[in-house]
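S.K.: Following this line is model37.json, made up of JSON, C-alpha atoms and all ligand atoms:
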[["chain", "number", "residue", "atom", "x", "y", "z"],
["A", 1, "MET", "CA", 36.49, -12.56, 8.60],
["A", 2, "ALA", "CA", 36.23, -9.42, 10.73],
["A", 3, "LYS", "CA", 34.22, -6.25, 10.32],
["A", 4, "ILE", "CA", 35.81, -2.96, 11.26],
["A", 5, "THR", "CA", 33.61, -0.31, 12.86],
["A", 6, "TRP", "CA", 34.02, 3.18, 11.42],
["A", 7, "LYS", "CA", 32.61, 6.49, 12.60],
["A", 8, "PRO", "CA", 29.13, 7.39, 11.28],
["A", 9, "GLY", "CA", 29.07, 7.96, 7.52],
["A", 10, "THR", "CA", 26.80, 8.17, 4.50],
["A", 11, "LEU", "CA", 27.80, 4.77, 3.09],
["A", 12, "LEU", "CA", 24.34, 3.75, 1.95],
["A", 13, "ALA", "CA", 24.54, 2.36, -1.56],
["A", 14, "PRO", "CA", 23.41, 2.04, -4.26],
["A", 15, "VAL", "CA", 21.21, 5.11, -4.39],
["A", 16, "PRO", "CA", 19.65, 6.87, -7.38],
["A", 17, "PRO", "CA", 21.57, 9.97, -8.52],
["A", 18, "ALA", "CA", 18.23, 11.62, -9.33],
["A", 19, "LEU", "CA", 17.87, 14.77, -11.37],
["A", 20, "ILE", "CA", 15.80, 17.21, -9.34],
["A", 21, "SER", "CA", 14.22, 19.80, -11.59],
["A", 22, "CYS", "CA", 12.74, 22.97, -10.17],
["A", 23, "GLY", "CA", 12.00, 26.59, -11.02],
["A", 24, "THR", "CA", 9.66, 27.25, -13.94],
["A", 25, "LEU", "CA", 9.28, 26.11, -17.53],
["A", 26, "GLU", "CA", 10.68, 29.46, -18.68],
["A", 27, "LYS", "CA", 13.53, 29.46, -16.15],
["A", 28, "PRO", "CA", 14.23, 25.87, -15.14],
["A", 29, "ASN", "CA", 17.03, 24.55, -12.96],
["A", 30, "VAL", "CA", 18.21, 21.05, -12.18],
["A", 31, "MET", "CA", 20.49, 19.58, -9.53],
["A", 32, "THR", "CA", 21.59, 16.02, -8.86],
["A", 33, "ALA", "CA", 20.51, 14.50, -5.55],
["A", 34, "ALA", "CA", 21.39, 11.05, -4.30],
["A", 35, "TRP", "CA", 19.65, 11.60, -0.99],
["A", 36, "THR", "CA", 16.08, 10.94, -1.93],
["A", 37, "GLY", "CA", 13.66, 8.11, -1.29],
["A", 38, "ILE", "CA", 10.11, 6.98, -0.66],
["A", 39, "ILE", "CA", 8.58, 7.26, 2.81],
["A", 40, "SER", "CA", 4.98, 6.14, 2.31],
["A", 41, "SER", "CA", 2.97, 4.57, -0.51],
["A", 42, "ASP", "CA", -0.52, 5.94, 0.27],
["A", 43, "PRO", "CA", -0.30, 8.87, 0.09],
["A", 44, "VAL", "CA", 2.93, 8.69, -1.85],
["A", 45, "ILE", "CA", 5.40, 10.63, 0.29],
["A", 46, "THR", "CA", 8.97, 11.25, -0.72],
["A", 47, "TYR", "CA", 11.87, 13.47, 0.34],
["A", 48, "VAL", "CA", 14.96, 15.12, -1.02],
["A", 49, "SER", "CA", 17.76, 16.42, 1.20],
["A", 50, "VAL", "CA", 19.30, 19.64, -0.10],
["A", 51, "ARG", "CA", 22.03, 21.83, 1.35],
["A", 52, "PRO", "CA", 20.78, 25.40, 1.90],
["A", 53, "SER", "CA", 23.73, 26.67, -0.18],
["A", 54, "ARG", "CA", 22.36, 25.04, -3.38],
["A", 55, "PHE", "CA", 20.67, 27.37, -5.85],
["A", 56, "SER", "CA", 17.88, 24.79, -6.10],
["A", 57, "HIS", "CA", 17.21, 25.08, -2.37],
["A", 58, "GLY", "CA", 15.88, 28.64, -2.74],
["A", 59, "LEU", "CA", 13.83, 27.74, -5.81],
["A", 60, "ILE", "CA", 12.19, 24.73, -4.14],
["A", 61, "LYS", "CA", 11.58, 26.64, -0.91],
["A", 62, "GLU", "CA", 9.96, 29.51, -2.80],
["A", 63, "SER", "CA", 7.68, 27.45, -5.08],
["A", 64, "GLY", "CA", 7.12, 24.43, -2.83],
["A", 65, "GLU", "CA", 7.56, 22.21, -5.89],
["A", 66, "PHE", "CA", 10.13, 19.96, -7.52],
["A", 67, "VAL", "CA", 10.30, 16.98, -9.84],
["A", 68, "ILE", "CA", 12.33, 13.81, -9.25],
["A", 69, "ASN", "CA", 13.55, 12.56, -12.65],
["A", 70, "LEU", "CA", 15.02, 9.06, -12.76],
["A", 71, "PRO", "CA", 18.53, 9.00, -14.25],
["A", 72, "THR", "CA", 19.64, 6.66, -17.03],
["A", 73, "ALA", "CA", 22.99, 5.67, -18.51],
["A", 74, "ALA", "CA", 22.28, 8.00, -21.44],
["A", 75, "LEU", "CA", 21.99, 10.86, -18.95],
["A", 76, "VAL", "CA", 25.15, 10.10, -16.94],
["A", 77, "THR", "CA", 27.11, 13.14, -18.13],
["A", 78, "ALA", "CA", 24.17, 15.41, -17.34],
["A", 79, "VAL", "CA", 23.78, 13.74, -13.94],
["A", 80, "ASP", "CA", 27.39, 14.44, -13.01],
["A", 81, "TYR", "CA", 27.45, 17.93, -14.53],
["A", 82, "CYS", "CA", 24.23, 18.97, -12.76],
["A", 83, "GLY", "CA", 25.84, 17.76, -9.54],
["A", 84, "VAL", "CA", 28.98, 19.87, -9.81],
["A", 85, "LYS", "CA", 27.78, 23.06, -11.54],
["A", 86, "SER", "CA", 25.33, 25.54, -10.07],
["A", 87, "GLY", "CA", 22.33, 27.05, -11.77],
["A", 88, "LYS", "CA", 23.36, 30.29, -10.08],
["A", 89, "ASP", "CA", 25.92, 30.73, -12.86],
["A", 90, "ILE", "CA", 24.68, 28.75, -15.86],
["A", 91, "ASP", "CA", 21.64, 27.28, -17.61],
["A", 92, "LYS", "CA", 22.21, 23.55, -17.03],
["A", 93, "PHE", "CA", 19.27, 22.57, -19.26],
["A", 94, "LYS", "CA", 20.90, 24.40, -22.16],
["A", 95, "GLU", "CA", 24.44, 23.19, -21.41],
["A", 96, "MET", "CA", 23.35, 19.54, -21.17],
["A", 97, "LYS", "CA", 20.74, 19.74, -23.97],
["A", 98, "LEU", "CA", 17.98, 18.69, -21.61],
["A", 99, "THR", "CA", 14.36, 19.41, -22.53],
["A", 100, "ALA", "CA", 12.17, 21.06, -19.90],
["A", 101, "GLY", "CA", 8.60, 19.84, -20.30],
["A", 102, "ALA", "CA", 5.41, 21.05, -18.65],
["A", 103, "SER", "CA", 4.34, 18.99, -15.66],
["A", 104, "ALA", "CA", 0.76, 17.81, -15.25],
["A", 105, "LYS", "CA", -0.02, 19.15, -11.76],
["A", 106, "ILE", "CA", 2.73, 21.61, -10.83],
["A", 107, "SER", "CA", 4.62, 24.54, -12.35],
["A", 108, "ALA", "CA", 8.10, 23.03, -11.89],
["A", 109, "PRO", "CA", 9.24, 21.43, -15.16],
["A", 110, "GLN", "CA", 10.01, 17.78, -15.78],
["A", 111, "ILE", "CA", 12.96, 16.49, -17.82],
["A", 112, "MET", "CA", 11.64, 14.91, -21.00],
["A", 113, "GLU", "CA", 14.75, 12.70, -21.50],
["A", 114, "SER", "CA", 14.12, 10.94, -18.17],
["A", 115, "PRO", "CA", 11.91, 7.81, -18.37],
["A", 116, "ILE", "CA", 10.01, 8.60, -15.16],
["A", 117, "SER", "CA", 9.37, 11.98, -13.56],
["A", 118, "LEU", "CA", 7.64, 12.30, -10.19],
["A", 119, "GLU", "CA", 5.92, 15.61, -9.59],
["A", 120, "CYS", "CA", 6.24, 16.65, -5.94],
["A", 121, "LYS", "CA", 4.58, 19.23, -3.71],
["A", 122, "VAL", "CA", 6.48, 20.15, -0.54],
["A", 123, "LYS", "CA", 4.70, 19.46, 2.75],
["A", 124, "SER", "CA", 7.43, 20.44, 5.20],
["A", 125, "ILE", "CA", 11.07, 21.45, 5.45],
["A", 126, "THR", "CA", 13.17, 20.09, 8.31],
["A", 127, "ASN", "CA", 16.78, 20.88, 8.96],
["A", 128, "TYR", "CA", 19.05, 17.95, 9.85],
["A", 129, "GLY", "CA", 22.43, 19.65, 10.25],
["A", 130, "THR", "CA", 24.10, 20.02, 6.88],
["A", 131, "HIS", "CA", 20.92, 19.44, 4.82],
["A", 132, "ASP", "CA", 17.29, 20.49, 4.78],
["A", 133, "MET", "CA", 14.88, 17.66, 4.11],
["A", 134, "PHE", "CA", 12.04, 18.63, 1.78],
["A", 135, "LEU", "CA", 9.26, 16.21, 2.61],
["A", 136, "ALA", "CA", 6.82, 16.12, -0.28],
["A", 137, "GLU", "CA", 3.77, 14.42, -1.70],
["A", 138, "VAL", "CA", 4.04, 12.88, -5.16],
["A", 139, "VAL", "CA", 1.04, 14.36, -7.00],
["A", 140, "ALA", "CA", 1.65, 12.88, -10.47],
["A", 141, "VAL", "CA", 4.01, 10.46, -12.21],
["A", 142, "ASN", "CA", 4.98, 10.92, -15.86],
["A", 143, "VAL", "CA", 6.16, 7.82, -17.70],
["A", 144, "ASP", "CA", 7.83, 7.73, -21.11],
["A", 145, "ASP", "CA", 5.41, 5.69, -23.24],
["A", 146, "ARG", "CA", 8.31, 3.92, -24.96],
["A", 147, "TYR", "CA", 8.61, 1.83, -21.81],
["A", 148, "ILE", "CA", 4.96, 0.80, -21.65],
["A", 149, "ASP", "CA", 4.16, -2.33, -23.66],
["A", 150, "GLU", "CA", 0.95, -3.08, -25.57],
["A", 151, "LYS", "CA", -0.56, -4.67, -22.43],
["A", 152, "GLY", "CA", 0.04, -1.52, -20.40],
["A", 153, "LYS", "CA", 2.93, -3.03, -18.42],
["A", 154, "LEU", "CA", 5.81, -0.76, -17.47],
["A", 155, "CYS", "CA", 9.10, -2.26, -18.76],
["A", 156, "LEU", "CA", 11.51, -0.18, -16.72],
["A", 157, "GLU", "CA", 14.31, -2.71, -17.27],
["A", 158, "LYS", "CA", 14.62, -1.27, -20.79],
["A", 159, "ALA", "CA", 15.39, 2.25, -19.53],
["A", 160, "GLY", "CA", 19.01, 1.59, -18.45],
["A", 161, "LEU", "CA", 18.63, 3.06, -14.97],
["A", 162, "LEU", "CA", 21.63, 4.53, -13.22],
["A", 163, "ALA", "CA", 22.88, 3.81, -9.69],
["A", 164, "PHE", "CA", 25.38, 5.72, -7.56],
["A", 165, "ALA", "CA", 27.63, 3.88, -5.11],
["A", 166, "HIS", "CA", 30.65, 5.17, -3.24],
["A", 167, "ALA", "CA", 31.25, 8.12, -5.62],
["A", 168, "HIS", "CA", 30.85, 6.07, -8.82],
["A", 169, "TYR", "CA", 28.05, 5.74, -11.36],
["A", 170, "TYR", "CA", 26.86, 2.31, -12.46],
["A", 171, "THR", "CA", 24.19, 0.84, -14.68],
["A", 172, "LEU", "CA", 22.11, -1.91, -13.13],
["A", 173, "GLY", "CA", 23.42, -5.47, -13.43],
["A", 174, "LYS", "CA", 21.70, -8.75, -14.17],
["A", 175, "CYS", "CA", 18.11, -9.23, -12.96],
["A", 176, "LEU", "CA", 18.22, -11.91, -10.25],
["A", 177, "GLY", "CA", 14.49, -12.35, -9.63],
["A", 178, "ASN", "CA", 11.27, -10.42, -9.27],
["A", 179, "PHE", "CA", 9.37, -9.26, -6.20],
["A", 180, "GLY", "CA", 8.36, -12.27, -4.07],
["A", 181, "PHE", "CA", 10.28, -14.81, -6.13],
["A", 182, "SER", "CA", 11.83, -16.42, -3.04],
["A", 183, "VAL", "CA", 8.44, -17.28, -1.59],
["A", 184, "ASN", "CA", 7.09, -18.39, -4.92],
["A", 185, "LYS", "CA", 10.03, -20.72, -5.43],
["A", 186, "ALA", "CA", 9.21, -22.45, -2.15],
["A", 187, "ARG", "CA", 5.54, -22.71, -3.11],
["A", 188, "LEU", "CA", 6.57, -24.06, -6.47],
["A", 189, "LYS", "CA", 8.66, -26.79, -4.82],
["A", 190, "LYS", "CA", 5.82, -27.63, -2.43],
["A", 191, "LEU", "CA", 3.40, -27.96, -5.30],
["A", 192, "LYS", "CA", 5.81, -30.10, -7.28],
["A", 193, "ASN", "CA", 6.24, -32.45, -4.32],
["A", 194, "ALA", "CA", 2.52, -32.58, -3.56],
["A", 195, "ALA", "CA", 1.42, -33.26, -7.13],
["A", 196, "PRO", "CA", 4.34, -34.63, -9.12],
["A", 197, "SER", "CA", 2.10, -35.61, -12.03],
["A", 198, "LYS", "CA", 0.83, -32.03, -12.45],
["A", 199, "LYS", "CA", 2.71, -29.90, -14.93],
["A", 200, "VAL", "CA", 4.06, -26.88, -13.10],
["A", 201, "LYS", "CA", 5.47, -23.90, -14.91],
["A", 202, "THR", "CA", 9.03, -23.11, -13.90],
["A", 203, "THR", "CA", 9.15, -19.63, -15.36],
["A", 204, "GLU", "CA", 7.72, -17.99, -12.25],
["A", 205, "ALA", "CA", 10.20, -15.10, -12.43],
["A", 206, "LYS", "CA", 8.12, -13.65, -15.26],
["A", 207, "THR", "CA", 5.18, -12.69, -13.03],
["A", 208, "SER", "CA", 3.40, -9.73, -14.52],
["A", 209, "PHE", "CA", 1.24, -7.23, -12.69],
["A", 210, "LYS", "CA", -1.43, -7.99, -15.27],
["A", 211, "THR", "CA", -1.84, -11.74, -14.69],
["A", 212, "SER", "CA", -4.48, -13.29, -12.46],
["A", 213, "ARG", "CA", -4.03, -12.95, -8.71],
["A", 214, "ASN", "CA", -6.82, -15.36, -7.89],
["A", 215, "PRO", "CA", -4.99, -18.00, -5.81],
["A", 216, "LYS", "CA", -7.37, -20.72, -7.07],
["A", 217, "LYS", "CA", -6.78, -19.88, -10.71],
["A", 218, "ASN", "CA", -3.13, -19.19, -10.26],
["A", 219, "PRO", "CA", -1.66, -20.78, -7.11],
["A", 220, "LEU", "CA", 1.85, -19.51, -7.73],
["A", 221, "LYS", "CA", 1.04, -15.81, -7.88],
["A", 222, "PRO", "CA", 1.19, -13.55, -4.81],
["A", 223, "THR", "CA", -2.25, -13.39, -3.22],
["A", 224, "LYS", "CA", -2.01, -9.70, -2.25],
["A", 225, "PRO", "CA", -2.92, -7.30, -5.02],
["A", 226, "LEU", "CA", 0.03, -5.34, -6.33],
["A", 227, "ASP", "CA", -0.42, -2.10, -8.17],
["A", 228, "ARG", "CA", 1.98, 0.33, -9.70],
["A", 229, "GLY", "CA", 1.80, 2.70, -6.72],
["A", 230, "ALA", "CA", 2.28, 0.35, -3.81],
["A", 231, "LEU", "CA", 4.73, -2.54, -3.89],
["A", 232, "PHE", "CA", 5.48, -2.45, -0.16],
["B", 301, "LIG", "C1", 25.93, 12.10, -7.55],
["B", 301, "LIG", "C2", 25.65, 13.36, -6.82],
["B", 301, "LIG", "C3", 24.72, 13.36, -5.80],
["B", 301, "LIG", "C4", 24.41, 14.54, -5.10],
["B", 301, "LIG", "N1", 23.48, 14.50, -4.11],
["B", 301, "LIG", "C5", 23.16, 15.65, -3.45],
["B", 301, "LIG", "C6", 22.14, 15.65, -2.47],
["B", 301, "LIG", "O1", 21.50, 14.63, -2.19],
["B", 301, "LIG", "N2", 21.88, 16.81, -1.83],
["B", 301, "LIG", "C7", 22.54, 17.98, -2.11],
["B", 301, "LIG", "O2", 22.26, 19.01, -1.49],
["B", 301, "LIG", "N3", 23.51, 18.00, -3.06],
["B", 301, "LIG", "C8", 23.81, 16.89, -3.75],
["B", 301, "LIG", "N4", 24.76, 16.92, -4.73],
["B", 301, "LIG", "C9", 25.43, 18.20, -5.06],
["B", 301, "LIG", "C10", 24.56, 19.14, -5.90],
["B", 301, "LIG", "O3", 23.95, 18.47, -6.97],
["B", 301, "LIG", "C11", 25.45, 20.29, -6.46],
["B", 301, "LIG", "O4", 25.92, 21.08, -5.41],
["B", 301, "LIG", "C12", 24.78, 21.12, -7.52],
["B", 301, "LIG", "O5", 25.76, 21.90, -8.16],
["B", 301, "LIG", "C13", 23.71, 22.03, -6.98],
["B", 301, "LIG", "O6", 23.14, 22.71, -8.06],
["B", 301, "LIG", "P1", 22.35, 24.09, -7.90],
["B", 301, "LIG", "O7", 23.26, 25.08, -7.21],
["B", 301, "LIG", "O8", 22.02, 24.50, -9.30],
["B", 301, "LIG", "O9", 21.15, 23.81, -7.09],
["B", 301, "LIG", "C14", 25.09, 15.75, -5.43],
["B", 301, "LIG", "C15", 26.03, 15.74, -6.48],
["B", 301, "LIG", "C16", 26.30, 14.58, -7.16],
["B", 301, "LIG", "C17", 27.31, 14.60, -8.28]]
Taking this structure as input, can you express it in the form of structure tokens?
M.R.:
Amino acid sequence: MAKITWKPGTLLAPVPPALISCGTLEKPNVMTAAWTGIISSDPVITYVSVRPSRFSHGLIKESGEFVINLPTAALVTAVDYCGVKSGKDIDKFKEMKLTAGASAKISAPQIMESPISLECKVKSITNYGTHDMFLAEVVAVNVDDRYIDEKGKLCLEKAGLLAFAHAHYYTLGKCLGNFGFSVNKARLKKLKNAAPSKKVKTTEAKTSFKTSRNPKKNPLKPTKPLDRGALF
């Protein structure tokens, strides 16, 4: 096996082809952006990289606000369309039958069909050649209550999230484990070896954010508290 070195490129994948909504509730616009991510968990800092030629660029610069809406398989046509058509010429919300909803903390609208919408306030704009990076603080997160179970747990696996890799759209594949499962597996084995008579649950992959994190009560659970805002 050999690896061939290419010139620098943007081959980071998969990434979320997020729907970035901006403008106002009365005059909303939306563009697709794959170049977005999380920078810090407390405060929650994110970014989106936008070419100055995009219609959205002017809207975001002017208002200092945008919303990152997570894309789903049901939204794939809208995701592609909003990434090839400009709001300069058309109303993409109308064309794609998207519903602009009021946000909780900002004037930019959220997309009601998206399962999760992160409301963002711009902190700085930095040019990196072709794109301007809008660094922003996430000031509110709106979650579709259909994905929250009776215990208050977010079941995002039911949303059918979309991924973008090398110019193609994909749905997510099989779940291979949950956060920390590799460590827990080792602890599970250790426990099994140390106390073979003790009954040890083998369904560790089902760890819920709601279960006990007291290591004495629940030796297989991660000891660090995990909350919805800060996984890493
Ligand atoms: C999957 C996908 C990802 C994209 N990612 C970005 C991006 O990260 N930044 C960007 O400036 N344009 C990106 N684009 C292109 C813009 O979405 C596109 O130019 C859009 O028409 C801009 O809309 P607007 O003029 O209404 O703002 C992407 C397009 C697609 C299809």
S.K.: Can you tell me how far CA of Gly58 (chain A) sits from CA of Gly23 (chain A), in Å to one decimal?
M.R.: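 Interatomic distance here is 9.4 Å.
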S.K.: Taking all atoms listed in the file into account, report as an MDAnalysis selection string which residues have an atom no farther than 8 Å from an atom of ligand LIG 301 (chain B).
M.R.: chainID A and resid 17:18 29:36 48:57 79:88 92 131 164 167:169
S.K.: Enumerate, as a list in words, the protein, DNA and RNA residues whose atoms approach (18.6, 17.3, -22.1) to within 10 Å, taking into account only C-alpha atoms and the coordinate frame of the file.
M.R.: Leu75, Ala78, Lys92, Phe93, Lys94, Glu95, Met96, Lys97, Leu98, Thr99, Ala100, Ile111, Met112, Glu113 and Ser114 of chain A
S.K.: Name all residues at most 10 Å from Leu25 (chain A) (count only C-alpha atoms; drop same-chain ones fewer than 5 positions away) and give them as a list in words.
M.R.: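 In the requested format, the answer is Thr99, Ala100, Gly101, Ala102, Ser103, Ser107, Ala108, Pro109 and Gln110 of chain A.
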S.K.: Since we have the selection now, will you write its residues out, keeping C-alpha atoms, as an mmCIF file, in the coordinates of the input?
M.R.:
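Just written: selection-v3.cif:
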data_model
loop_
_atom_site.group_PDB
_atom_site.id
_atom_site.type_symbol
_atom_site.label_atom_id
_atom_site.label_comp_id
_atom_site.auth_asym_id
_atom_site.auth_seq_id
_atom_site.Cartn_x
_atom_site.Cartn_y
_atom_site.Cartn_z
ATOM 1 C CA THR A 99 14.360 19.410 -22.530
ATOM 2 C CA ALA A 100 12.170 21.060 -19.900
ATOM 3 C CA GLY A 101 8.600 19.840 -20.300
ATOM 4 C CA ALA A 102 5.410 21.050 -18.650
ATOM 5 C CA SER A 103 4.340 18.990 -15.660
ATOM 6 C CA SER A 107 4.620 24.540 -12.350
ATOM 7 C CA ALA A 108 8.100 23.030 -11.890
ATOM 8 C CA PRO A 109 9.240 21.430 -15.160
ATOM 9 C CA GLN A 110 10.010 17.780 -15.780
#
S.K.: Which residue gives the smallest distance to Glu65 (chain A) among A:Asp89, A:Leu135, A:Leu19, A:Thr77, with all atoms listed in the file counted?
M.R.: A:Leu135
S.K.: Please, what distance in Å, to one decimal, runs between CA of Gly160 (chain A) and CA of Val76 (chain A)?
M.R.: 10.6 Å
S.K.: As an exercise, work out the distance from CA of Thr10 (chain A) to CA of Gly129 (chain A) in Å and give it to one decimal place.
M.R.: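 Result for CA of Thr10 (chain A) versus CA of Gly129 (chain A): 13.6 Å, one decimal.
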S.K.: Determine the nearest neighbour of Val141 (chain A) from the options A:Ile68, A:Ala74, A:Gly173, A:Ser21, counting only C-alpha atoms.
M.R.: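 Residue with the minimum atom-to-atom distance to Val141 (chain A): A:Ile68.
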